[in-house]
Amino acid sequence: MRFDYHTRYRQGFALLRHRSDWLSYGLLAAALLALPMLASTYLVGELGYVFILCIASMGLMALTGFTGQVSLGHASFVAIGAYAHAWLMAQGVPFAASLPLAALISAAAGLVVGIPAIRVSGLYLAMVTLAFAIVVEQIIGMWRGVTGGYMGMMVETPQLLGLSLGSPRVFYYVCLFVAALVLLALANLMRSGIGRAFTGVRDSEAAAYALGIEVNRVKVGAFGLSAGITGLAGGLMAHHIGYLTPDAFTLLLSLDLVLMVVIGGIGSLRGAILGAVLISLLPNAVAALKSLLPAAMARQTGLEIFVAGLVLALFVLFEPTGLNGRWLKLRALIESFPLYRRDMFRRQKTYMKSERNR
Amino acid sequence: MNTAWEVFAQVTVNGIAVGAIYALVAMGIVLIHKATEVLNFAHGDLLVLSAFSAWALITHVGLPFWAVVPLVGAGIGVIAYGLDAVIVRRIAGQPQFAGVMLTIAMAFMIRGAVSMGFGPESQSYDTPWTGQTSELGGVAIGNLSLVIMGVSLGIAAALWLFFRHTRLGVAMQAASQNQLAAHLNGVRVKRLNSLVWALAGVTAAIAGMFLAPLSLVDTSLWLITLKALAAIVLGGFGSLPGALIGGILIGLIEQYAGVYLPDGSRDIAPYLVLIVVLILRPRGILGDAHGRRV
């Protein structure tokens with residue numbers, strides 16, 4: 001067992017609290033940096049995509065996990081980021097300037113959606129965002145002058161300081177860099193006053209308001225921040241796809257993002273990343289599963305969606321805290337090894353509470 | 001009678017026919033939401049399942065349409081009862097978001113299972129009314145649309161009578177208003193909630209069987225859930241008559257937008273209505289006041 005002995009105030013909320021954390025995260029970083037030298041080009045490209053999904057999932061986590069606002073339409077911000085980035089690049093804006101600009105445009109769109117979030121919450125907000133995503137998808141399809149409509153739109157090869165970032169190995173590092181940046185920024189934000197305000201609004205709006213937090217401003221701000229980060233992921237995704245069509249940003253992507261956040265574990269950045277990794281690996285796992293099944297079943301197309309639904313249902317029913325919660329329990333088991341009791345994490349019985357008259 | 005008027009009348013009739021289907025789906029979702037406070041995103045997939053089952057029974061088994069309707073309706077009802085009794089009941093007491101995620105998960109599973117079981121191709125089948133039209137005041141209406149309107153209104157009336165005048169219906173109302181109080185008065189709340197799911201499943205099955213011949217038997221039929229949500233919001237959340245009115249209004253708005261507004265506005269009109277109503281008048285036309293202020 002390990003006991004924390006703090007000698008300074010800041011130790012209580014340091015990002016890496018123990019020496020073993022430095023070692024494990026250092027090893028992880030070294031492995032991720034060394035990977036492109038060892039792995040095949042295909043694998044490196046896929047991993048770059050996983051990082052992009054990690055960014056988007058962290059963006060949604062900032063909203064759903066930390067501020068408690070449900071969004072079922074985050075694919076719209078991915079789409080806005082991707083199209084804004086591609087359009088800016090086509091106008092001659094360099095890559096390094098265009099990506100943050102795309103994130104800003106997406107954040108502005110997020111602010112526009114965030115303003116209704118002051119008036120509606122819960123299920124109603126979920127429906128507003130869902131409707132917004134559908135509207136955005138249709139508008140992209142219709143706005144041929146800028147987006148190319150359903151014909152699609154080429155994305156130019158990214159360049160930085162005269163070097164091409166087009167090859168998968170180089171682009172892997174770009175994605176890794178941005179993902180690490182977003183992770184650090186969010187982790188730091190969450191231990192600052194703004195982050196605490198986010199959590200306060202999630203846990204009790206009335207209490208947060210009583211403590212002097214401007215609930216409305218926090219809600220809208222969280223929407224803008226989340227949309228901005230998701231738009232950043234969209235800009236990178238534009239390069240991964242290479243040719244943008246509205247079909248890439250359907251409702252399914254929105255639901256995939258929500259799946260990542262829920263399966264990863266609401267309210268933790270580690271969960272956002274674990275969820276993104278799991279969901280992006282799921283199609284590969286299903287493909288492997290298909291070779292084991294009888295041919296008649298393996299040919300069908302519905303298996304992916306069925307497995308995704310099954311995984312989600314099992315998590316909601318049996319592990320509402322997601323992969324992150326499972327990881328914390330595992331760590332508690334290891335750290336307190338001989339003293340672990342099965343009932344340490346027993347779930348309490350819950351009763352129906354009406355949310356109708358809140 | 002000039003042509004502009006004829007077009008208008010034709011569009012109106014089409015809108016009401018489409019809206020009747022939306023209303024039917026919306027009523028099913030409202031039923032479940034009122035009873036269990038779960039917003040059922042799997043409702044559209046029950047509809048897909050019923051459409052494919054009806055197609056299989058008509059095409060492969062060779063049953064007539066009128067025999068298929070009660071058969072599939074009962075089957076989907078039993079499945080919906082089971083969904084609540086086995087799965088959804090377990091998350092009582094958890095936040096609403098858990099219910100949304102669970103029903104989305106069930107929606108994925110049903111859609112995947114339908115696609116695996118019946119094949120991914122679109123299908124179609126005929127009803128006794130396919131291809132026949134009647135003239136009403138100079139406007140041609142498909143008989144199928146007339147039947148759909150009749151069925152929708154019939155179900156709405158039956159539901160009204162059921163909730164108003166039967167012991168079971170009153171018990172369901174009591175359970176939806178206050179589960180604990182109803183339970184203490186001897187209402188078997190768990191079983192009733194599952195029965196509400198079964199009832200909603202039957203309405204979804206009927207909607208699916210009548211909608212599929214109008215369009216195609218396809219897994220994309222589930223998208224009607226989203227339009228039903230717009231109808232529910234417009235009519236006022238948690239109100240059955242509101243769902244009926246909202247459904248018909250959404251059908252009308254969609255058809256008018258398709259004719260009188262620029263290209264493509266037909267597809268986004270219901271969702272724009274949803275957003276605008278939620279922002280400007282969150283209680284809809286007939287709903288109770290909800291939400292709270294900090």
# chains A, B, ... in the order shown; residues from 1 in each chain; ligands from 1
$ residues_around --residues "Arg342 of chain A" --least-positions-apart "4" --cutoff "12 Å" --atoms "only C-alpha atoms" --output "PyMOL selection string"
chain A and resi 329-330+332-333+337-338+346-347
$ write_last_selection --atoms "N, CA and C atoms" --output "CSV table (one decimal), in the first residue's frame"
chain,number,residue,atom,x,y,z
A,329,LYS,N,-10.6,0.8,-10.1
A,329,LYS,CA,-10.8,-0.3,-9.3
A,329,LYS,C,-9.6,-1.3,-9.3
A,330,LEU,N,-9.1,-1.5,-10.5
A,330,LEU,CA,-8.0,-2.4,-10.7
A,330,LEU,C,-6.8,-1.9,-9.9
A,332,ALA,N,-6.9,0.2,-7.4
A,332,ALA,CA,-7.1,0.0,-5.9
A,332,ALA,C,-6.8,-1.4,-5.5
A,333,LEU,N,-7.2,-2.4,-6.3
A,333,LEU,CA,-6.9,-3.8,-6.0
A,333,LEU,C,-5.4,-4.0,-5.9
A,337,PHE,N,-3.3,-4.6,-2.0
A,337,PHE,CA,-3.6,-6.0,-2.4
A,337,PHE,C,-4.1,-6.9,-1.3
A,338,PRO,N,-3.5,-7.1,-0.2
A,338,PRO,CA,-4.0,-8.1,0.6
A,338,PRO,C,-5.3,-7.7,1.3
A,346,ARG,N,-19.0,-1.9,-4.1
A,346,ARG,CA,-20.4,-2.4,-4.4
A,346,ARG,C,-21.3,-1.2,-4.7
A,347,ARG,N,-22.1,-1.4,-5.7
A,347,ARG,CA,-23.0,-0.3,-6.1
A,347,ARG,C,-24.3,-0.3,-5.1
$ residues_around --residues "segment 68-81 of chain B" --least-positions-apart "2" --cutoff "12 Å" --atoms "only C-alpha atoms" --output "ChimeraX atom specification"
/B:28,32,40,42-43,45-59,61-66,83-89,103,106,110,125,127,151,190-210
$ select_by_dssp --residues "segment 36-149 of chain A" --states "helix (DSSP H, G or I)" --output "count of residues only"
94
$ closest_residue --among "A:His85, A:Arg202, A:Arg119, A:Arg169" --to "Met153 of chain A" --atoms "only C-alpha atoms"
A:His85
$ closest_residue --among "B:Ile104, B:Ala23, B:Leu136, B:Leu31" --to "Met172 of chain B" --atoms "only C-alpha atoms"
B:Leu31
$ residues_around --residues "Ala233 of chain A" --least-positions-apart "5" --cutoff "6 Å" --atoms "only C-alpha atoms" --output "PDB file with N, CA and C atoms, in the first residue's frame"
ATOM      1  N   ILE A  52      -6.596  11.606 -33.478  1.00  0.00           N
ATOM      2  CA  ILE A  52      -7.592  12.614 -33.863  1.00  0.00           C
ATOM      3  C   ILE A  52      -8.889  12.371 -33.098  1.00  0.00           C
ATOM      4  N   ILE A  55      -8.671  13.535 -29.602  1.00  0.00           N
ATOM      5  CA  ILE A  55      -8.867  14.982 -29.444  1.00  0.00           C
ATOM      6  C   ILE A  55     -10.357  15.294 -29.419  1.00  0.00           C
ATOM      7  N   ALA A  56     -11.092  14.742 -30.391  1.00  0.00           N
ATOM      8  CA  ALA A  56     -12.528  15.022 -30.462  1.00  0.00           C
ATOM      9  C   ALA A  56     -13.222  14.537 -29.201  1.00  0.00           C
TER      10      ALA A  56
END
$ closest_residue --among "B:Leu240, B:Leu214, B:Ile141, B:Ala230" --to "Ala158 of chain B" --atoms "only C-alpha atoms"
B:Leu240
$ residues_around --residues "Gly235 of chain B" --least-positions-apart "5" --cutoff "12 Å" --atoms "only C-alpha atoms" --output "PyMOL selection string"
chain B and resi 22-23+26-27+30+228-230+240-250+273-274+277-278+281-288
$ write_last_selection --atoms "C-alpha atoms" --output "compact mmCIF listing (two decimals), in the first residue's frame"
# COMPACT_ATOMS: atom_id res chain seq x y z
CA TYR B 22 -45.31 10.97 -37.16
CA ALA B 23 -48.09 11.41 -34.63
CA ALA B 26 -44.60 10.40 -31.32
CA MET B 27 -47.44 9.04 -29.19
CA VAL B 30 -44.54 10.07 -25.21
CA ALA B 228 -41.26 12.29 -34.01
CA LEU B 229 -39.04 14.08 -31.49
CA ALA B 230 -39.66 17.34 -33.34
CA LEU B 240 -50.55 12.75 -25.85
CA PRO B 241 -52.92 15.16 -27.67
CA GLY B 242 -49.90 17.43 -28.10
CA ALA B 243 -48.03 14.60 -29.81
CA LEU B 244 -50.96 14.07 -32.18
CA ILE B 245 -51.22 17.76 -33.08
CA GLY B 246 -47.45 18.18 -33.23
CA GLY B 247 -47.08 15.19 -35.53
CA ILE B 248 -49.64 16.48 -38.00
CA LEU B 249 -48.17 20.00 -37.89
CA ILE B 250 -44.66 18.63 -38.55
CA VAL B 273 -38.86 23.91 -35.89
CA LEU B 274 -37.54 21.75 -33.04
CA VAL B 277 -39.63 25.88 -30.37
CA LEU B 278 -37.23 24.69 -27.68
CA ARG B 281 -41.35 28.27 -26.14
CA PRO B 282 -39.91 25.16 -24.48
CA ARG B 283 -43.33 23.98 -23.28
CA GLY B 284 -44.67 23.61 -26.80
CA ILE B 285 -48.35 23.98 -27.70
CA LEU B 286 -49.99 21.86 -25.03
CA GLY B 287 -47.20 20.93 -22.64
CA ASP B 288 -46.80 21.66 -18.97
$ closest_residue --among "B:Ile16, B:Leu234, B:Met101, B:Leu153" --to "chain A" --atoms "only C-alpha atoms"
B:Met101
